[in-house]
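J.: So that you have it, the file is entry.pdb, and it contains PDB, C-alpha atoms:
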```
ATOM      1  CA  MET A 189    -189.397  45.052-292.782
ATOM      2  CA  LYS A 190    -191.395  44.613-295.952
ATOM      3  CA  LYS A 191    -190.613  41.708-298.237
ATOM      4  CA  GLU A 192    -189.357  44.006-300.994
ATOM      5  CA  ASP A 193    -186.986  45.706-298.550
ATOM      6  CA  MET A 194    -185.560  42.360-297.453
ATOM      7  CA  LEU A 195    -185.065  41.327-301.071
ATOM      8  CA  GLU A 196    -183.353  44.650-301.761
ATOM      9  CA  LEU A 197    -180.851  43.925-298.999
ATOM     10  CA  LEU A 198    -180.151  40.575-300.651
ATOM     11  CA  ALA A 199    -179.829  42.270-304.049
ATOM     12  CA  ARG A 200    -177.282  44.797-302.760
ATOM     13  CA  MET A 201    -175.170  42.081-301.173
ATOM     14  CA  ALA A 202    -175.381  39.923-304.294
ATOM     15  CA  ARG A 203    -174.479  42.922-306.466
ATOM     16  CA  ILE A 204    -171.350  43.519-304.424
ATOM     17  CA  ARG A 205    -170.382  39.835-304.629
ATOM     18  CA  GLU A 206    -170.920  39.713-308.403
ATOM     19  CA  PHE A 207    -168.980  42.944-308.860
ATOM     20  CA  GLU A 208    -166.035  41.678-306.871
ATOM     21  CA  GLN A 209    -165.968  38.364-308.695
ATOM     22  CA  MET A 210    -166.045  40.229-312.004
ATOM     23  CA  ALA A 211    -163.311  42.620-310.860
ATOM     24  CA  GLU A 212    -161.096  39.709-309.850
ATOM     25  CA  LYS A 213    -161.682  37.965-313.164
ATOM     26  CA  ILE A 214    -160.769  40.888-315.387
ATOM     27  CA  PHE A 215    -157.887  41.920-313.136
ATOM     28  CA  LEU A 216    -156.332  38.510-313.550
ATOM     29  CA  SER A 217    -156.891  38.733-317.316
ATOM     30  CA  GLY A 218    -154.959  42.021-317.433
ATOM     31  CA  GLU A 219    -157.871  44.356-318.131
ATOM     32  CA  ILE A 220    -157.352  46.223-314.846
ATOM     33  CA  GLN A 221    -154.018  47.773-313.931
ATOM     34  CA  GLY A 222    -152.679  48.219-310.420
ATOM     35  CA  PHE A 223    -154.070  46.476-307.348
ATOM     36  CA  VAL A 224    -157.595  45.293-306.551
ATOM     37  CA  HIS A 225    -158.748  44.683-302.975
ATOM     38  CA  VAL A 226    -162.076  42.892-303.004
ATOM     39  CA  TYR A 227    -164.870  43.031-300.431
ATOM     40  CA  ARG A 228    -165.934  39.390-300.736
ATOM     41  CA  GLY A 229    -167.323  38.109-297.435
ATOM     42  CA  GLU A 230    -167.965  41.544-295.931
ATOM     43  CA  GLU A 231    -171.047  42.459-297.997
ATOM     44  CA  ALA A 232    -173.462  42.495-295.044
ATOM     45  CA  THR A 233    -171.578  45.265-293.255
ATOM     46  CA  ALA A 234    -171.717  47.901-296.004
ATOM     47  CA  THR A 235    -175.248  46.891-297.004
ATOM     48  CA  GLY A 236    -176.608  47.058-293.461
ATOM     49  CA  ILE A 237    -174.970  50.400-292.718
ATOM     50  CA  CYS A 238    -175.997  52.106-295.954
ATOM     51  CA  ALA A 239    -179.569  50.792-295.669
ATOM     52  CA  ALA A 240    -179.959  53.230-292.767
ATOM     53  CA  LEU A 241    -178.707  56.228-294.777
ATOM     54  CA  ARG A 242    -180.258  58.732-297.152
ATOM     55  CA  LYS A 243    -178.785  59.672-300.507
ATOM     56  CA  ASP A 244    -177.620  63.041-299.149
ATOM     57  CA  ASP A 245    -175.725  61.444-296.270
ATOM     58  CA  TYR A 246    -171.979  61.038-296.668
ATOM     59  CA  ILE A 247    -169.653  58.069-296.540
ATOM     60  CA  THR A 248    -165.881  57.842-296.682
ATOM     61  CA  SER A 249    -164.309  54.622-297.823
ATOM     62  CA  THR A 250    -161.049  52.657-297.807
ATOM     63  CA  HIS A 251    -158.757  50.807-300.208
ATOM     64  CA  ARG A 252    -161.356  47.984-300.052
ATOM     65  CA  GLY A 253    -164.145  50.285-301.108
ATOM     66  CA  HIS A 254    -166.166  48.775-303.949
ATOM     67  CA  GLY A 255    -168.743  47.359-301.546
ATOM     68  CA  HIS A 256    -169.269  50.683-299.820
ATOM     69  CA  LEU A 257    -170.084  52.448-303.068
ATOM     70  CA  ILE A 258    -172.449  49.762-304.294
ATOM     71  CA  ALA A 259    -174.236  49.619-300.937
ATOM     72  CA  LYS A 260    -174.691  53.413-301.098
ATOM     73  CA  GLY A 261    -176.271  53.047-304.540
ATOM     74  CA  SER A 262    -173.478  53.880-306.971
ATOM     75  CA  ASP A 263    -173.764  52.677-310.586
ATOM     76  CA  VAL A 264    -171.817  49.461-311.251
ATOM     77  CA  ASN A 265    -171.446  50.416-314.930
ATOM     78  CA  LYS A 266    -169.519  53.549-314.053
ATOM     79  CA  MET A 267    -167.617  51.750-311.325
ATOM     80  CA  LEU A 268    -166.398  48.918-313.529
ATOM     81  CA  ALA A 269    -165.508  51.408-316.266
ATOM     82  CA  GLU A 270    -163.468  53.330-313.690
ATOM     83  CA  LEU A 271    -161.567  50.203-312.689
ATOM     84  CA  CYS A 272    -160.782  49.618-316.368
ATOM     85  CA  GLY A 273    -159.483  53.181-316.781
ATOM     86  CA  LYS A 274    -162.250  54.218-319.154
ATOM     87  CA  ALA A 275    -163.541  57.727-319.788
ATOM     88  CA  THR A 276    -167.085  56.711-318.774
ATOM     89  CA  GLY A 277    -165.959  55.847-315.247
ATOM     90  CA  TYR A 278    -166.942  57.925-312.240
ATOM     91  CA  ASN A 279    -163.625  59.756-312.325
ATOM     92  CA  GLY A 280    -162.901  59.534-316.004
ATOM     93  CA  GLY A 281    -160.706  56.489-315.527
ATOM     94  CA  LYS A 282    -158.216  58.364-313.354
ATOM     95  CA  GLY A 283    -159.283  57.149-309.933
ATOM     96  CA  GLY A 284    -159.125  53.434-310.469
ATOM     97  CA  SER A 285    -160.040  50.869-307.846
ATOM     98  CA  MET A 286    -158.806  52.706-304.758
ATOM     99  CA  HIS A 287    -159.924  56.262-305.496
ATOM    100  CA  ILE A 288    -163.478  56.139-306.850
ATOM    101  CA  ALA A 289    -165.670  59.044-305.764
ATOM    102  CA  ASP A 290    -169.381  59.611-306.404
ATOM    103  CA  ILE A 291    -169.993  63.024-304.909
ATOM    104  CA  GLU A 292    -173.615  63.346-306.086
ATOM    105  CA  ASN A 293    -174.386  60.193-304.126
ATOM    106  CA  GLY A 294    -172.548  61.346-301.014
ATOM    107  CA  VAL A 295    -169.537  59.090-301.590
ATOM    108  CA  LEU A 296    -166.536  61.266-300.760
ATOM    109  CA  GLY A 297    -164.116  58.756-302.157
ATOM    110  CA  ALA A 298    -162.250  55.557-301.558
ATOM    111  CA  ASN A 299    -158.774  56.060-300.172
ATOM    112  CA  GLY A 300    -155.513  54.174-300.413
ATOM    113  CA  LEU A 301    -154.101  55.676-297.215
ATOM    114  CA  LEU A 302    -154.789  53.873-293.964
ATOM    115  CA  ALA A 303    -157.307  55.786-291.790
ATOM    116  CA  ALA A 304    -157.371  58.827-294.103
ATOM    117  CA  GLY A 305    -161.123  58.584-294.609
ATOM    118  CA  LEU A 306    -161.769  59.093-290.898
ATOM    119  CA  ALA A 307    -160.683  62.728-290.876
ATOM    120  CA  LEU A 308    -162.508  63.359-294.162
ATOM    121  CA  GLY A 309    -165.665  62.044-292.523
ATOM    122  CA  THR A 310    -165.148  64.352-289.564
ATOM    123  CA  GLY A 311    -164.923  67.279-291.961
ATOM    124  CA  ALA A 312    -168.130  66.244-293.695
ATOM    125  CA  ALA A 313    -169.891  65.839-290.346
ATOM    126  CA  PHE A 314    -168.698  69.283-289.260
ATOM    127  CA  SER A 315    -170.010  70.710-292.530
ATOM    128  CA  ALA A 316    -173.447  69.216-291.899
ATOM    129  CA  LYS A 317    -173.576  70.600-288.372
ATOM    130  CA  TYR A 318    -172.299  74.016-289.462
ATOM    131  CA  ARG A 319    -174.931  74.232-292.220
ATOM    132  CA  GLY A 320    -177.681  73.109-289.860
ATOM    133  CA  THR A 321    -178.742  70.036-291.815
ATOM    134  CA  ASP A 322    -179.512  66.642-290.332
ATOM    135  CA  GLN A 323    -177.103  64.805-292.618
ATOM    136  CA  VAL A 324    -174.724  62.248-291.156
ATOM    137  CA  ALA A 325    -171.275  61.097-292.226
ATOM    138  CA  VAL A 326    -170.187  57.470-292.016
ATOM    139  CA  SER A 327    -166.504  56.576-292.019
ATOM    140  CA  PHE A 328    -165.680  52.975-292.845
ATOM    141  CA  PHE A 329    -162.300  51.710-291.660
ATOM    142  CA  GLY A 330    -160.547  48.478-290.747
ATOM    143  CA  ASP A 331    -159.213  47.214-287.450
ATOM    144  CA  GLY A 332    -155.707  48.229-288.530
ATOM    145  CA  SER A 333    -156.762  51.856-288.920
ATOM    146  CA  SER A 334    -157.714  52.002-285.252
ATOM    147  CA  CYS A 335    -153.988  51.932-284.486
ATOM    148  CA  GLU A 336    -153.393  55.090-286.529
ATOM    149  CA  GLY A 337    -153.255  58.582-285.072
ATOM    150  CA  GLU A 338    -156.022  59.870-287.354
ATOM    151  CA  PHE A 339    -158.459  57.427-285.783
ATOM    152  CA  HIS A 340    -157.930  58.948-282.354
ATOM    153  CA  GLU A 341    -157.874  62.524-283.625
ATOM    154  CA  ALA A 342    -161.134  62.068-285.517
ATOM    155  CA  MET A 343    -162.848  60.268-282.628
ATOM    156  CA  ASN A 344    -161.802  62.953-280.152
ATOM    157  CA  LEU A 345    -162.919  65.876-282.308
ATOM    158  CA  ALA A 346    -166.212  64.260-283.318
ATOM    159  CA  SER A 347    -167.077  63.599-279.683
ATOM    160  CA  LEU A 348    -165.890  66.979-278.441
ATOM    161  CA  TRP A 349    -168.040  68.843-280.978
ATOM    162  CA  LYS A 350    -170.901  66.292-280.973
ATOM    163  CA  LEU A 351    -170.622  65.821-284.696
ATOM    164  CA  PRO A 352    -173.066  63.604-286.625
ATOM    165  CA  GLN A 353    -170.392  61.059-287.517
ATOM    166  CA  ILE A 354    -170.624  57.284-287.353
ATOM    167  CA  PHE A 355    -167.396  55.308-287.155
ATOM    168  CA  VAL A 356    -167.794  51.844-288.683
ATOM    169  CA  CYS A 357    -164.945  49.442-287.981
ATOM    170  CA  GLU A 358    -164.933  46.483-290.349
ATOM    171  CA  ASN A 359    -162.989  44.130-288.132
ATOM    172  CA  ASN A 360    -162.035  41.170-290.305
ATOM    173  CA  GLY A 361    -159.273  40.148-287.923
ATOM    174  CA  TYR A 362    -156.367  40.783-290.280
ATOM    175  CA  GLN A 363    -154.281  43.867-290.983
ATOM    176  CA  VAL A 364    -152.880  42.949-294.387
ATOM    177  CA  THR A 365    -151.198  39.669-293.317
ATOM    178  CA  VAL A 366    -150.956  40.213-289.569
ATOM    179  CA  PRO A 367    -153.692  39.132-287.136
ATOM    180  CA  MET A 368    -155.149  41.810-284.913
ATOM    181  CA  SER A 369    -153.915  39.983-281.806
ATOM    182  CA  GLN A 370    -150.337  40.885-282.766
ATOM    183  CA  THR A 371    -150.969  44.605-283.255
ATOM    184  CA  CYS A 372    -153.653  45.627-280.766
ATOM    185  CA  ALA A 373    -153.376  45.496-277.006
ATOM    186  CA  ILE A 374    -157.163  45.162-276.729
ATOM    187  CA  ASP A 375    -159.593  42.466-277.795
ATOM    188  CA  SER A 376    -162.333  44.770-279.058
ATOM    189  CA  ILE A 377    -162.039  47.958-281.112
ATOM    190  CA  ALA A 378    -165.376  49.099-279.661
ATOM    191  CA  THR A 379    -163.819  49.573-276.226
ATOM    192  CA  ARG A 380    -161.733  52.445-277.566
ATOM    193  CA  ALA A 381    -164.840  54.634-277.808
ATOM    194  CA  ALA A 382    -165.015  54.940-274.017
ATOM    195  CA  ALA A 383    -161.860  57.059-274.036
ATOM    196  CA  TYR A 384    -163.801  59.711-275.946
ATOM    197  CA  LYS A 385    -167.141  59.470-274.086
ATOM    198  CA  MET A 386    -168.661  57.903-277.169
ATOM    199  CA  PRO A 387    -171.187  55.051-277.195
ATOM    200  CA  SER A 388    -170.205  51.921-279.068
ATOM    201  CA  VAL A 389    -171.572  48.547-280.037
ATOM    202  CA  THR A 390    -170.104  45.332-281.415
ATOM    203  CA  VAL A 391    -172.284  43.403-283.857
ATOM    204  CA  ASP A 392    -172.046  40.383-286.120
ATOM    205  CA  GLY A 393    -170.898  42.052-289.304
ATOM    206  CA  ASN A 394    -172.051  39.057-291.335
ATOM    207  CA  ASP A 395    -175.667  39.574-290.219
ATOM    208  CA  VAL A 396    -177.113  42.320-292.405
ATOM    209  CA  LEU A 397    -180.139  42.859-290.151
ATOM    210  CA  ALA A 398    -178.030  43.185-287.003
ATOM    211  CA  VAL A 399    -175.813  45.726-288.752
ATOM    212  CA  LYS A 400    -178.814  47.662-290.049
ATOM    213  CA  GLU A 401    -180.367  47.805-286.576
ATOM    214  CA  ALA A 402    -177.164  49.172-285.050
ATOM    215  CA  ALA A 403    -176.814  51.683-287.863
ATOM    216  CA  GLU A 404    -180.374  52.946-287.490
ATOM    217  CA  ALA A 405    -179.812  53.622-283.796
ATOM    218  CA  ALA A 406    -176.548  55.460-284.492
ATOM    219  CA  VAL A 407    -178.079  57.477-287.331
ATOM    220  CA  ALA A 408    -181.055  58.503-285.193
ATOM    221  CA  ARG A 409    -178.700  59.632-282.456
ATOM    222  CA  ALA A 410    -176.570  61.622-284.898
ATOM    223  CA  ARG A 411    -179.550  63.310-286.558
ATOM    224  CA  ALA A 412    -180.843  64.312-283.113
ATOM    225  CA  GLY A 413    -177.605  66.173-282.410
ATOM    226  CA  GLU A 414    -176.390  63.687-279.808
ATOM    227  CA  GLY A 415    -173.026  63.095-281.437
ATOM    228  CA  PRO A 416    -171.035  60.196-282.857
ATOM    229  CA  THR A 417    -171.168  56.429-282.379
ATOM    230  CA  LEU A 418    -168.622  53.665-282.988
ATOM    231  CA  ILE A 419    -169.963  50.461-284.525
ATOM    232  CA  GLU A 420    -167.598  47.493-284.631
ATOM    233  CA  CYS A 421    -168.683  44.912-287.203
ATOM    234  CA  LEU A 422    -167.014  41.525-286.793
ATOM    235  CA  THR A 423    -166.811  40.302-290.351
ATOM    236  CA  THR A 424    -164.940  37.956-292.665
ATOM    237  CA  ARG A 425    -162.396  38.779-295.354
ATOM    238  CA  VAL A 426    -162.681  35.766-297.623
ATOM    239  CA  GLY A 427    -159.330  35.488-299.350
ATOM    240  CA  GLY A 428    -156.161  37.513-299.144
ATOM    241  CA  HIS A 429    -155.519  41.191-298.646
ATOM    242  CA  TYR A 430    -155.453  41.792-302.398
ATOM    243  CA  THR A 431    -156.247  39.763-305.502
ATOM    244  CA  GLY A 432    -153.341  37.396-305.943
ATOM    245  CA  ASP A 433    -152.569  37.119-302.235
ATOM    246  CA  PRO A 434    -152.892  33.370-301.443
ATOM    247  CA  SER A 435    -153.780  34.073-297.779
ATOM    248  CA  LEU A 436    -151.742  31.097-296.601
ATOM    249  CA  TYR A 437    -150.971  33.009-293.403
ATOM    250  CA  VAL A 438    -154.615  32.549-292.352
ATOM    251  CA  PRO A 439    -154.822  29.326-290.298
ATOM    252  CA  MET A 440    -156.626  26.458-292.017
ATOM    253  CA  GLU A 441    -159.149  26.192-289.175
ATOM    254  CA  ILE A 442    -160.268  29.757-289.935
ATOM    255  CA  ARG A 443    -160.388  29.258-293.694
ATOM    256  CA  LYS A 444    -162.591  26.215-293.197
ATOM    257  CA  THR A 445    -165.201  28.423-291.509
ATOM    258  CA  TRP A 446    -165.533  30.832-294.440
ATOM    259  CA  PRO A 447    -168.372  28.983-296.239
ATOM    260  CA  GLU A 448    -170.507  28.635-293.104
ATOM    261  CA  ARG A 449    -170.123  32.361-292.375
ATOM    262  CA  ASP A 450    -171.170  33.474-295.868
ATOM    263  CA  CYS A 451    -173.534  36.395-295.280
ATOM    264  CA  ILE A 452    -175.326  36.032-298.619
ATOM    265  CA  GLU A 453    -175.945  32.294-298.361
ATOM    266  CA  ASN A 454    -177.115  32.598-294.769
ATOM    267  CA  PHE A 455    -179.458  35.496-295.494
ATOM    268  CA  SER A 456    -180.861  33.680-298.534
ATOM    269  CA  LYS A 457    -181.615  30.632-296.362
ATOM    270  CA  LYS A 458    -183.190  32.862-293.716
ATOM    271  CA  LEU A 459    -185.577  34.449-296.208
ATOM    272  CA  VAL A 460    -186.760  31.051-297.382
ATOM    273  CA  ALA A 461    -186.871  29.401-293.945
ATOM    274  CA  GLU A 462    -188.986  32.211-292.471
ATOM    275  CA  GLY A 463    -191.364  32.277-295.422
ATOM    276  CA  ILE A 464    -190.395  35.793-296.437
ATOM    277  CA  ALA A 465    -189.515  34.737-299.964
ATOM    278  CA  THR A 466    -189.479  31.557-301.996
ATOM    279  CA  ALA A 467    -186.306  29.837-303.130
ATOM    280  CA  GLU A 468    -187.255  30.799-306.691
ATOM    281  CA  GLU A 469    -187.541  34.485-305.761
ATOM    282  CA  VAL A 470    -184.187  34.432-304.011
ATOM    283  CA  ASP A 471    -182.601  32.710-306.987
ATOM    284  CA  ALA A 472    -184.150  35.257-309.357
ATOM    285  CA  VAL A 473    -182.646  38.148-307.374
ATOM    286  CA  ARG A 474    -179.180  36.634-307.509
ATOM    287  CA  LYS A 475    -179.435  35.805-311.218
ATOM    288  CA  ALA A 476    -180.567  39.364-311.958
ATOM    289  CA  GLU A 477    -177.464  40.741-310.241
ATOM    290  CA  ALA A 478    -175.214  38.377-312.189
ATOM    291  CA  LYS A 479    -176.851  39.655-315.391
ATOM    292  CA  ARG A 480    -176.391  43.252-314.216
ATOM    293  CA  LEU A 481    -172.639  42.722-313.924
ATOM    294  CA  GLN A 482    -172.398  41.049-317.314
ATOM    295  CA  ASP A 483    -174.040  44.159-318.763
ATOM    296  CA  ALA A 484    -171.623  46.343-316.782
ATOM    297  CA  LEU A 485    -168.685  44.454-318.245
ATOM    298  CA  GLU A 486    -169.980  45.058-321.755
ATOM    299  CA  PHE A 487    -170.401  48.752-320.934
ATOM    300  CA  ALA A 488    -166.855  48.997-319.590
ATOM    301  CA  ARG A 489    -165.291  47.129-322.481
ATOM    302  CA  SER A 490    -167.127  49.179-325.099
ATOM    303  CA  SER A 491    -166.255  52.500-323.434
ATOM    304  CA  PRO A 492    -163.369  54.617-324.765
ATOM    305  CA  TYR A 493    -160.162  55.374-322.939
ATOM    306  CA  PRO A 494    -159.688  59.029-321.938
ATOM    307  CA  ASP A 495    -158.292  61.326-324.586
ATOM    308  CA  VAL A 496    -154.693  62.332-323.913
ATOM    309  CA  ALA A 497    -155.810  65.980-324.011
ATOM    310  CA  THR A 498    -157.676  65.412-320.736
ATOM    311  CA  ALA A 499    -154.605  64.140-318.881
ATOM    312  CA  VAL A 500    -154.481  67.039-316.434
ATOM    313  CA  GLN A 501    -158.214  67.762-316.261
ATOM    314  CA  ASN A 502    -159.997  66.887-313.021
ATOM    315  CA  VAL A 503    -156.675  66.039-311.400
ATOM    316  CA  TYR A 504    -155.858  69.331-309.711
ATOM    317  CA  SER A 505    -158.471  71.683-308.315
ATOM    318  CA  ASP A 506    -159.690  74.378-310.665
ATOM    319  CA  PHE A 507    -160.904  76.438-307.703
ATOM    320  CA  VAL A 508    -159.249  79.818-307.248
ATOM    321  CA  GLU A 509    -160.037  81.870-304.188
ATOM    322  CA  GLU A 510    -161.825  85.098-304.991
ATOM    323  CA  GLY A 511    -159.335  87.937-305.071
ATOM    324  CA  ARG A 512    -156.344  85.657-304.759
ATOM    325  CA  ASN A 513    -154.838  86.836-308.051
ATOM    326  CA  ARG A 514    -155.588  90.499-307.512
TER
END
```
Write out the structure in this file as C-alpha cells.
T.:
Amino acid sequence: MKKEDMLELLARMARIREFEQMAEKIFLSGEIQGFVHVYRGEEATATGICAALRKDDYITSTHRGHGHLIAKGSDVNKMLAELCGKATGYNGGKGGSMHIADIENGVLGANGLLAAGLALGTGAAFSAKYRGTDQVAVSFFGDGSSCEGEFHEAMNLASLWKLPQIFVCENNGYQVTVPMSQTCAIDSIATRAAAYKMPSVTVDGNDVLAVKEAAEAAVARARAGEGPTLIECLTTRVGGHYTGDPSLYVPMEIRKTWPERDCIENFSKKLVAEGIATAEEVDAVRKAEAKRLQDALEFARSSPYPDVATAVQNVYSDFVEEGRNR
C-alpha cells in the first residue's frame, strides 16, 4: 500500500474514535437524547472492511453503527447533527444514533433490531445481481445476532442464490452483558458458514490490514459472481454495551488487556516502526481528526431543530404504486 493509503486508514480509525468520544461527551451533558452505543475499540474492523468497498457498494449497520458510517465515508457534521436531533442531520434529526442512513453513500441504515440488517443486506445483494451490476452488500452484525433466525435465513438465501453479500461478524465476545460462551454452543461464529456451503475466515479484528486483506478477497469473490463470504472479526468493545454501562461484568483480567489491544495505538506504532510515516506525521493525522470533530460539534450546535411542520415528513413512505388509487 502507498503511504497516503496507510495514513488514510489511520485517519478513518482516528475519526471514528474522536466521533465516539465526542458523542459520549455530549450525551452525558444532555445534548443527545436516548441511548448511544459507541464503537470505541472496534475501529479497525469497519475501516478495514470499508477500505475494500466502492462508494456504490452497500452496507447495513447495527445499533453500534457510527463507525460503519464513518468508515464508509459519511460526513461527521451531518452525523453529529443527526445525533443531536438537528434538521441538518442525515435524516433531519429523526433517525438519531441508531437509525442513521446515508443512501447516496450506500449506507442503508443503522438498525436497533438485532440481526435486522442481515436480511436488508440480502435484499440489496439480490438487487445488485438482478440489475446485473458488480456491486456488493456488506452486512455488519455482532456475535449475538448469529443466534437469531434472520442470520440463518439470510446466510441460506445468499448462498443458495450466490448473492454478492459479505457477512461481517464483529465478535467482541459480549452480547450486551452476557459472554458469548454462555449463549453459543460453538467457539467460532465462522464455523457456521459451513452449514450453508459458504467460505469463511476468522481474522484479528483489531488489525486493520488483516481485515482489509480478508475483505478484498471476499469482495473479489462476490464481484466475480461466486457468492457470499462470512468474515469473523475478533475485536474489542472497550467499555460497556451503551454509554453509562459500567461494564463491571467484564472480568478485570480482560479489561486490563484493553490498552494493549488498541487498534489505533498499535497501527500508529507500526507505521513509525516500519518507516512508513514519522511520529510527527502520525500525530498530525490524529490532531487533524480531533479538529474535524470540534468543527462538527460547532456545526451541530449551530444547526436548527426541525420545524414542527415537518413532523410527519420523511417518516412514512410517500411512494404510491401506479394505479393503486384507480
J.: I'd like to see the residues matched by the PyMOL selection byres ((chain A and resi 226) around 10) on this file, and ideally I'd get them as an MDAnalysis selection string.
T.: chainID A and resid 204:205 207:209 211:212 223:225 227:230 251:255 285 425:431
J.: Now that the selection is made, can you save its residues with C-alpha atoms as a PDB file, in the coordinates of the input?
T.:
```pdb
ATOM      1  CA  ILE A 204    -171.350  43.519-304.424  1.00  0.00           C
ATOM      2  CA  ARG A 205    -170.382  39.835-304.629  1.00  0.00           C
ATOM      3  CA  PHE A 207    -168.980  42.944-308.860  1.00  0.00           C
ATOM      4  CA  GLU A 208    -166.035  41.678-306.871  1.00  0.00           C
ATOM      5  CA  GLN A 209    -165.968  38.364-308.695  1.00  0.00           C
ATOM      6  CA  ALA A 211    -163.311  42.620-310.860  1.00  0.00           C
ATOM      7  CA  GLU A 212    -161.096  39.709-309.850  1.00  0.00           C
ATOM      8  CA  PHE A 223    -154.070  46.476-307.348  1.00  0.00           C
ATOM      9  CA  VAL A 224    -157.595  45.293-306.551  1.00  0.00           C
ATOM     10  CA  HIS A 225    -158.748  44.683-302.975  1.00  0.00           C
ATOM     11  CA  TYR A 227    -164.870  43.031-300.431  1.00  0.00           C
ATOM     12  CA  ARG A 228    -165.934  39.390-300.736  1.00  0.00           C
ATOM     13  CA  GLY A 229    -167.323  38.109-297.435  1.00  0.00           C
ATOM     14  CA  GLU A 230    -167.965  41.544-295.931  1.00  0.00           C
ATOM     15  CA  HIS A 251    -158.757  50.807-300.208  1.00  0.00           C
ATOM     16  CA  ARG A 252    -161.356  47.984-300.052  1.00  0.00           C
ATOM     17  CA  GLY A 253    -164.145  50.285-301.108  1.00  0.00           C
ATOM     18  CA  HIS A 254    -166.166  48.775-303.949  1.00  0.00           C
ATOM     19  CA  GLY A 255    -168.743  47.359-301.546  1.00  0.00           C
ATOM     20  CA  SER A 285    -160.040  50.869-307.846  1.00  0.00           C
ATOM     21  CA  ARG A 425    -162.396  38.779-295.354  1.00  0.00           C
ATOM     22  CA  VAL A 426    -162.681  35.766-297.623  1.00  0.00           C
ATOM     23  CA  GLY A 427    -159.330  35.488-299.350  1.00  0.00           C
ATOM     24  CA  GLY A 428    -156.161  37.513-299.144  1.00  0.00           C
ATOM     25  CA  HIS A 429    -155.519  41.191-298.646  1.00  0.00           C
ATOM     26  CA  TYR A 430    -155.453  41.792-302.398  1.00  0.00           C
ATOM     27  CA  THR A 431    -156.247  39.763-305.502  1.00  0.00           C
TER      28      THR A 431
END
```
J.: Check what the PyMOL selection byres ((chain A and resi 466-475) around 12) selects in the file above and give those residues as a PyMOL selection string.
T.: chain A and resi 191-192+194-206+452-465+476-482
J.: List every protein, DNA or RNA residue with an atom no more than 9 Å from (-158.3, 53.8, -298.5) in the file's coordinates, counting only C-alpha atoms, and format the result as a list of chain:residue names.
T.: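 It turns out the residues near that spot are A:Thr248, A:Ser249, A:Thr250, A:His251, A:Arg252, A:Gly253, A:Met286, A:His287, A:Gly297, A:Ala298, A:Asn299, A:Gly300, A:Leu301, A:Leu302, A:Ala303, A:Ala304, A:Gly305, A:Phe329.
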J.: Point out the residue among A:Thr423, A:Ser388, A:Thr321, A:Thr276 with the least atom-to-atom distance to Ala488 (chain A), counting all atoms listed in the file.
T.: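 Among A:Thr423, A:Ser388, A:Thr321, A:Thr276, it is A:Thr276 that comes nearest to Ala488 (chain A).
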J.: When you look at region 353-356 of chain A with a cut-off of 8 Å (counting all atoms listed in the file), what residues show up, excluding the ones that are within fewer than 4 positions of it in the same chain? I need them as a ChimeraX atom specification.
T.: /A:306,309-310,313,324-329,346,406-407,410,415-421
J.: Evaluate the PyMOL selection byres ((chain A and resi 245) around 8) against this structure - the residues, as number ranges by chain, please.
T.: A: 241-244, 246-247, 294, 323-325
J.: Could you dump the residues just selected with C-alpha atoms as a PDB file, in the coordinates of the input?
T.:
```pdb
ATOM      1  CA  LEU A 241    -178.707  56.228-294.777  1.00  0.00           C
ATOM      2  CA  ARG A 242    -180.258  58.732-297.152  1.00  0.00           C
ATOM      3  CA  LYS A 243    -178.785  59.672-300.507  1.00  0.00           C
ATOM      4  CA  ASP A 244    -177.620  63.041-299.149  1.00  0.00           C
ATOM      5  CA  TYR A 246    -171.979  61.038-296.668  1.00  0.00           C
ATOM      6  CA  ILE A 247    -169.653  58.069-296.540  1.00  0.00           C
ATOM      7  CA  GLY A 294    -172.548  61.346-301.014  1.00  0.00           C
ATOM      8  CA  GLN A 323    -177.103  64.805-292.618  1.00  0.00           C
ATOM      9  CA  VAL A 324    -174.724  62.248-291.156  1.00  0.00           C
ATOM     10  CA  ALA A 325    -171.275  61.097-292.226  1.00  0.00           C
TER      11      ALA A 325
END
```
J.: For a test of reading the model, state the distance in Å between CA of Asp193 (chain A) and CA of Asp450 (chain A), rounded to one decimal.
T.: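 Straight-line distance from CA of Asp193 (chain A) to CA of Asp450 (chain A) works out to 20.2 Å.
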J.: Residues near Asp322 (chain A), anyone? I mean within 9 Å using only C-alpha atoms, not counting same-chain ones fewer than 6 positions away, as a PyMOL selection string.
T.: chain A and resi 245+316+352+410-413
J.: So which residues are close to (-154.7, 39.1, -293.9), meaning at most 7 Å away in the file's coordinates with all atoms listed in the file counted, and can you show them as a PyMOL selection string?
T.: chain A and resi 362-367+428-429+435+438
J.: Just the residues within 12 Å of Ala398 (chain A), please, counting only C-alpha atoms, with nothing from its chain fewer than 2 positions along; format it as a tab-separated table (two decimals) with C-alpha atoms, in the coordinates of the input.
T.:
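Wrote selection-v5.tsv, looks like this:
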```tsv
chain	number	residue	atom	x	y	z
A	232	ALA	CA	-173.46	42.50	-295.04
A	233	THR	CA	-171.58	45.26	-293.26
A	234	ALA	CA	-171.72	47.90	-296.00
A	235	THR	CA	-175.25	46.89	-297.00
A	236	GLY	CA	-176.61	47.06	-293.46
A	237	ILE	CA	-174.97	50.40	-292.72
A	239	ALA	CA	-179.57	50.79	-295.67
A	240	ALA	CA	-179.96	53.23	-292.77
A	389	VAL	CA	-171.57	48.55	-280.04
A	390	THR	CA	-170.10	45.33	-281.42
A	391	VAL	CA	-172.28	43.40	-283.86
A	392	ASP	CA	-172.05	40.38	-286.12
A	393	GLY	CA	-170.90	42.05	-289.30
A	394	ASN	CA	-172.05	39.06	-291.33
A	395	ASP	CA	-175.67	39.57	-290.22
A	396	VAL	CA	-177.11	42.32	-292.40
A	400	LYS	CA	-178.81	47.66	-290.05
A	401	GLU	CA	-180.37	47.80	-286.58
A	402	ALA	CA	-177.16	49.17	-285.05
A	403	ALA	CA	-176.81	51.68	-287.86
A	404	GLU	CA	-180.37	52.95	-287.49
A	405	ALA	CA	-179.81	53.62	-283.80
A	419	ILE	CA	-169.96	50.46	-284.52
A	420	GLU	CA	-167.60	47.49	-284.63
A	421	CYS	CA	-168.68	44.91	-287.20
A	422	LEU	CA	-167.01	41.52	-286.79
A	451	CYS	CA	-173.53	36.40	-295.28
A	455	PHE	CA	-179.46	35.50	-295.49
```
J.: Let me make sure I understand: among A:Arg443, A:Leu345, A:Ser491, A:Ala373, which one has the smallest atom-to-atom distance to Leu271 (chain A) if we use only C-alpha atoms?
T.: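 Checking each candidate against Leu271 (chain A), we get A:Ser491 as the closest.
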